[in-house]
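Novice: Pasting a structure here, questions to come.
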Amino acid sequence: MAKGQRDIFAGLIRLHVLHHASREPIYGLEMLHELSRHGYRLGPGTLYPLLHGMEAQGLLRSKTICESGRTRRVYKATAAGRRALSEGHEKVRELLREMDEHE
Ligand SMILES: [Zn+2]
C-alpha cells in the first residue's frame with residue numbers, strides 16, 4: 001500500500017478500533033479479523049504496535065486475562081478514547097455530508 005493511502009487509512013483504522021473497544025473488550029486477533037472484514041489488511045506486526053501506541057496515548061486501557069491456561073490481552077476504550085471517538089464521529093459525519101452534497 002502506498003504511504004499516502006496508509007496515512008489516510010491510519011485514522012480510520014483507529015476510529016474503528018475505538019468504536020469496537022468502546023462497546024466491549026476486544027482482543028487483538030479479533031480486531032484483525034474485524035478490520036479485514038472492512039478491507040483493511042493489517043498484520044499483527046502493524047496492529048499490536050498501533051494498540052500499544054493508543055494505550056500510551058491514553059485512548060485504550062489493556063489488561064491481561066487468563067483463559068484456560070492461556071494469557072490474552074484485552075483492550076477497552078478509556079473515557080478519553082470515547083471522547084476522541086465521538087469527536088471523530090462528528091468529523092466523519094461532517095465530511096460525509098459534504099462529500100455527498102458534491103457528488
Ligand atoms: Zn468495525
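Chain lettering (A, B, ...) mirrors the order of the C-alpha cells, residue numbering begins at 1 for each chain separately, and ligand numbering begins at 1 in order of display.
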Please, which residues have at least one atom within 7 Å of an atom of ligand 1, using only C-alpha atoms and all ligand atoms, listed as a PDB file with all heavy atoms, in the first residue's frame?
Specialist:
```pdb
ATOM      1  N   HIS A  16     -12.096   2.844  13.977  1.00  0.00           N
ATOM      2  CA  HIS A  16     -12.698   1.514  14.038  1.00  0.00           C
ATOM      3  C   HIS A  16     -12.374   0.829  15.360  1.00  0.00           C
ATOM      4  O   HIS A  16     -13.243   0.261  16.013  1.00  0.00           O
ATOM      5  CB  HIS A  16     -12.147   0.621  12.916  1.00  0.00           C
ATOM      6  CG  HIS A  16     -13.094   0.496  11.784  1.00  0.00           C
ATOM      7  ND1 HIS A  16     -14.290  -0.165  11.885  1.00  0.00           N
ATOM      8  CD2 HIS A  16     -13.022   0.949  10.525  1.00  0.00           C
ATOM      9  CE1 HIS A  16     -14.903  -0.104  10.720  1.00  0.00           C
ATOM     10  NE2 HIS A  16     -14.166   0.574   9.884  1.00  0.00           N
ATOM     11  N   HIS A  20     -15.102  -0.225  18.381  1.00  0.00           N
ATOM     12  CA  HIS A  20     -15.325  -1.565  18.940  1.00  0.00           C
ATOM     13  C   HIS A  20     -14.910  -1.647  20.406  1.00  0.00           C
ATOM     14  O   HIS A  20     -15.598  -2.266  21.210  1.00  0.00           O
ATOM     15  CB  HIS A  20     -14.618  -2.620  18.093  1.00  0.00           C
ATOM     16  CG  HIS A  20     -15.275  -2.787  16.757  1.00  0.00           C
ATOM     17  ND1 HIS A  20     -16.472  -3.445  16.602  1.00  0.00           N
ATOM     18  CD2 HIS A  20     -14.939  -2.341  15.532  1.00  0.00           C
ATOM     19  CE1 HIS A  20     -16.835  -3.404  15.331  1.00  0.00           C
ATOM     20  NE2 HIS A  20     -15.925  -2.733  14.656  1.00  0.00           N
ATOM     21  N   GLU A  34     -11.869  -8.302  12.271  1.00  0.00           N
ATOM     22  CA  GLU A  34     -12.861  -7.257  12.063  1.00  0.00           C
ATOM     23  C   GLU A  34     -12.375  -6.246  11.016  1.00  0.00           C
ATOM     24  O   GLU A  34     -13.107  -5.875  10.114  1.00  0.00           O
ATOM     25  CB  GLU A  34     -13.158  -6.576  13.412  1.00  0.00           C
ATOM     26  CG  GLU A  34     -14.017  -5.345  13.353  1.00  0.00           C
ATOM     27  CD  GLU A  34     -15.423  -5.592  12.812  1.00  0.00           C
ATOM     28  OE1 GLU A  34     -15.870  -6.753  12.791  1.00  0.00           O
ATOM     29  OE2 GLU A  34     -16.058  -4.604  12.379  1.00  0.00           O
ATOM     30  N   LEU A  35     -11.106  -5.841  11.126  1.00  0.00           N
ATOM     31  CA  LEU A  35     -10.570  -4.858  10.177  1.00  0.00           C
ATOM     32  C   LEU A  35     -10.461  -5.441   8.769  1.00  0.00           C
ATOM     33  O   LEU A  35     -10.712  -4.747   7.789  1.00  0.00           O
ATOM     34  CB  LEU A  35      -9.213  -4.343  10.662  1.00  0.00           C
ATOM     35  CG  LEU A  35      -9.288  -3.400  11.867  1.00  0.00           C
ATOM     36  CD1 LEU A  35      -7.897  -3.169  12.458  1.00  0.00           C
ATOM     37  CD2 LEU A  35      -9.938  -2.070  11.500  1.00  0.00           C
ATOM     38  N   HIS A  38     -13.531  -5.222   6.883  1.00  0.00           N
ATOM     39  CA  HIS A  38     -13.761  -3.899   6.314  1.00  0.00           C
ATOM     40  C   HIS A  38     -12.765  -3.576   5.193  1.00  0.00           C
ATOM     41  O   HIS A  38     -12.717  -2.444   4.719  1.00  0.00           O
ATOM     42  CB  HIS A  38     -13.624  -2.823   7.399  1.00  0.00           C
ATOM     43  CG  HIS A  38     -14.716  -2.827   8.415  1.00  0.00           C
ATOM     44  ND1 HIS A  38     -16.017  -2.539   8.106  1.00  0.00           N
ATOM     45  CD2 HIS A  38     -14.696  -3.095   9.742  1.00  0.00           C
ATOM     46  CE1 HIS A  38     -16.750  -2.614   9.204  1.00  0.00           C
ATOM     47  NE2 HIS A  38     -15.974  -2.962  10.215  1.00  0.00           N
TER      48      HIS A  38
END
```
Novice: Would you mind listing what lies within 10 Å of Met31 (chain A) as a list in words, with only C-alpha atoms counted and same-chain residues fewer than 5 positions away left out?
Specialist: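 The neighbour list is His16, Val17, His20, Ala21, Ile26, Ser36, Arg37, Leu42, Pro44 and Leu47 of chain A.
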Novice: Which residues, written as a PyMOL selection string, have at least one atom at most 12 Å from Leu12 (chain A), with only C-alpha atoms counted and residues fewer than 5 positions away on the same chain left out?
Specialist: chain A and resi 5-7+17-19+35+38-40+85+88-89+91-92
Novice: Of the candidates A:Arg41, A:Lys76, A:Arg83, A:His33, which one gets nearest to Phe9 (chain A) if we count only C-alpha atoms?
Specialist: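 Checking each candidate against Phe9 (chain A), we get A:Arg41 as the closest.
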Novice: With only C-alpha atoms as the counted atoms, please give the residues lying no more than 10 Å from Gly43 (chain A), apart from itself and same-chain residues fewer than 5 positions off, as a list in words.
Specialist: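 Contacts, in chain order: Leu29, Leu32, Ser36 and Tyr48 of chain A.
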Novice: Output N, CA and C atoms for every residue in the selection just made, as a PDB file, in the first residue's frame.
Specialist:
```pdb
ATOM      1  N   LEU A  29      -6.465 -10.222  18.003  1.00  0.00           N
ATOM      2  CA  LEU A  29      -6.751 -11.116  16.885  1.00  0.00           C
ATOM      3  C   LEU A  29      -8.154 -10.877  16.316  1.00  0.00           C
ATOM      4  N   LEU A  32      -8.122  -7.853  14.255  1.00  0.00           N
ATOM      5  CA  LEU A  32      -7.523  -8.097  12.930  1.00  0.00           C
ATOM      6  C   LEU A  32      -8.573  -8.627  11.966  1.00  0.00           C
ATOM      7  N   SER A  36     -10.143  -6.731   8.683  1.00  0.00           N
ATOM      8  CA  SER A  36     -10.024  -7.323   7.348  1.00  0.00           C
ATOM      9  C   SER A  36     -11.406  -7.453   6.701  1.00  0.00           C
ATOM     10  N   TYR A  48      -0.517  -4.614  16.604  1.00  0.00           N
ATOM     11  CA  TYR A  48      -0.132  -4.580  18.022  1.00  0.00           C
ATOM     12  C   TYR A  48       0.584  -3.285  18.408  1.00  0.00           C
TER      13      TYR A  48
END
```
Novice: Please measure the separation of CA of Leu15 (chain A) and CA of Arg82 (chain A), giving the value in Å to one decimal.
Specialist: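 Computed distance, CA of Leu15 (chain A) to CA of Arg82 (chain A), equals 10.0 Å.
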Novice: Record the distance separating CA of Tyr75 (chain A) and CA of Tyr27 (chain A), expressed in Å with one decimal.
Specialist: 6.5 Å
Novice: Running DSSP on the backbone, which parts of chain A land in alpha helix (DSSP H), as an MDAnalysis selection string?
Specialist: chainID A and resid 3:23 28:37 44:56 79:101
Novice: If you run DSSP on the backbone here, which positions in region 14-80 of chain A get strand (DSSP E or B)? Please write them as a list in words.
Specialist: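 Those residues are Ile26, Tyr27, Leu60, Arg61, Ser62, Lys63, Thr64, Ile65, Cys66, Glu67, Arg70, Thr71, Arg72, Arg73, Val74, Tyr75, Lys76 and Ala77 of chain A.
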Novice: How would the residues just chosen look if you wrote them out with N, CA and C atoms as an mmCIF file, in the first residue's frame?
Specialist:
```cif
data_model
loop_
_atom_site.group_PDB
_atom_site.id
_atom_site.type_symbol
_atom_site.label_atom_id
_atom_site.label_comp_id
_atom_site.auth_asym_id
_atom_site.auth_seq_id
_atom_site.Cartn_x
_atom_site.Cartn_y
_atom_site.Cartn_z
ATOM 1 N N ILE A 26 -11.910 -5.855 23.526
ATOM 2 C CA ILE A 26 -11.510 -6.521 22.281
ATOM 3 C C ILE A 26 -10.136 -7.166 22.404
ATOM 4 N N TYR A 27 -9.986 -8.261 21.691
ATOM 5 C CA TYR A 27 -8.705 -8.948 21.564
ATOM 6 C C TYR A 27 -8.052 -8.479 20.271
ATOM 7 N N LEU A 60 -6.792 3.828 25.025
ATOM 8 C CA LEU A 60 -7.183 2.457 25.359
ATOM 9 C C LEU A 60 -6.543 2.067 26.674
ATOM 10 N N ARG A 61 -7.162 1.108 27.349
ATOM 11 C CA ARG A 61 -6.544 0.513 28.528
ATOM 12 C C ARG A 61 -6.590 -0.993 28.318
ATOM 13 N N SER A 62 -5.486 -1.651 28.611
ATOM 14 C CA SER A 62 -5.489 -3.103 28.406
ATOM 15 C C SER A 62 -5.306 -3.818 29.728
ATOM 16 N N LYS A 63 -5.767 -5.048 29.754
ATOM 17 C CA LYS A 63 -5.427 -5.906 30.886
ATOM 18 C C LYS A 63 -5.226 -7.322 30.376
ATOM 19 N N THR A 64 -4.439 -8.056 31.115
ATOM 20 C CA THR A 64 -4.150 -9.424 30.730
ATOM 21 C C THR A 64 -5.120 -10.326 31.465
ATOM 22 N N ILE A 65 -5.757 -11.210 30.738
ATOM 23 C CA ILE A 65 -6.651 -12.148 31.388
ATOM 24 C C ILE A 65 -6.176 -13.570 31.099
ATOM 25 N N CYS A 66 -6.476 -14.433 32.024
ATOM 26 C CA CYS A 66 -6.066 -15.824 31.892
ATOM 27 C C CYS A 66 -7.289 -16.642 31.517
ATOM 28 N N GLU A 67 -7.197 -17.338 30.394
ATOM 29 C CA GLU A 67 -8.341 -18.096 29.912
ATOM 30 C C GLU A 67 -7.877 -19.494 29.535
ATOM 31 N N ARG A 70 -4.259 -19.943 29.011
ATOM 32 C CA ARG A 70 -3.599 -19.008 28.100
ATOM 33 C C ARG A 70 -3.804 -17.594 28.602
ATOM 34 N N THR A 71 -2.779 -16.768 28.464
ATOM 35 C CA THR A 71 -2.983 -15.369 28.805
ATOM 36 C C THR A 71 -3.253 -14.590 27.520
ATOM 37 N N ARG A 72 -4.233 -13.731 27.617
ATOM 38 C CA ARG A 72 -4.581 -12.887 26.472
ATOM 39 C C ARG A 72 -4.749 -11.468 26.967
ATOM 40 N N ARG A 73 -4.499 -10.543 26.049
ATOM 41 C CA ARG A 73 -4.618 -9.127 26.398
ATOM 42 C C ARG A 73 -5.897 -8.578 25.769
ATOM 43 N N VAL A 74 -6.703 -7.931 26.593
ATOM 44 C CA VAL A 74 -7.919 -7.301 26.074
ATOM 45 C C VAL A 74 -7.824 -5.784 26.237
ATOM 46 N N TYR A 75 -8.443 -5.093 25.306
ATOM 47 C CA TYR A 75 -8.395 -3.631 25.274
ATOM 48 C C TYR A 75 -9.785 -3.042 25.399
ATOM 49 N N LYS A 76 -9.880 -1.973 26.182
ATOM 50 C CA LYS A 76 -11.131 -1.225 26.279
ATOM 51 C C LYS A 76 -10.837 0.253 26.077
ATOM 52 N N ALA A 77 -11.810 0.983 25.529
ATOM 53 C CA ALA A 77 -11.631 2.422 25.366
ATOM 54 C C ALA A 77 -11.708 3.088 26.736
#
```
Novice: Between CA of Ile13 (chain A) and CA of Ala80 (chain A), what distance in Å does the model show, to one decimal?
Specialist: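 Distance between the two atoms: 17.2 Å.
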Novice: Could you tell me which of A:Lys3, A:Arg93, A:Glu87, A:Ala79 comes closest to Leu59 (chain A) if we count only C-alpha atoms?
Specialist: A:Ala79
Novice: Check the smallest atom-to-atom distance from each of A:Glu90, A:Gly4, A:Ser22, A:Arg14 to His52 (chain A) using only C-alpha atoms, then report the winner.
Specialist: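 Answer, going by the shortest atom-to-atom distance: A:Arg14.
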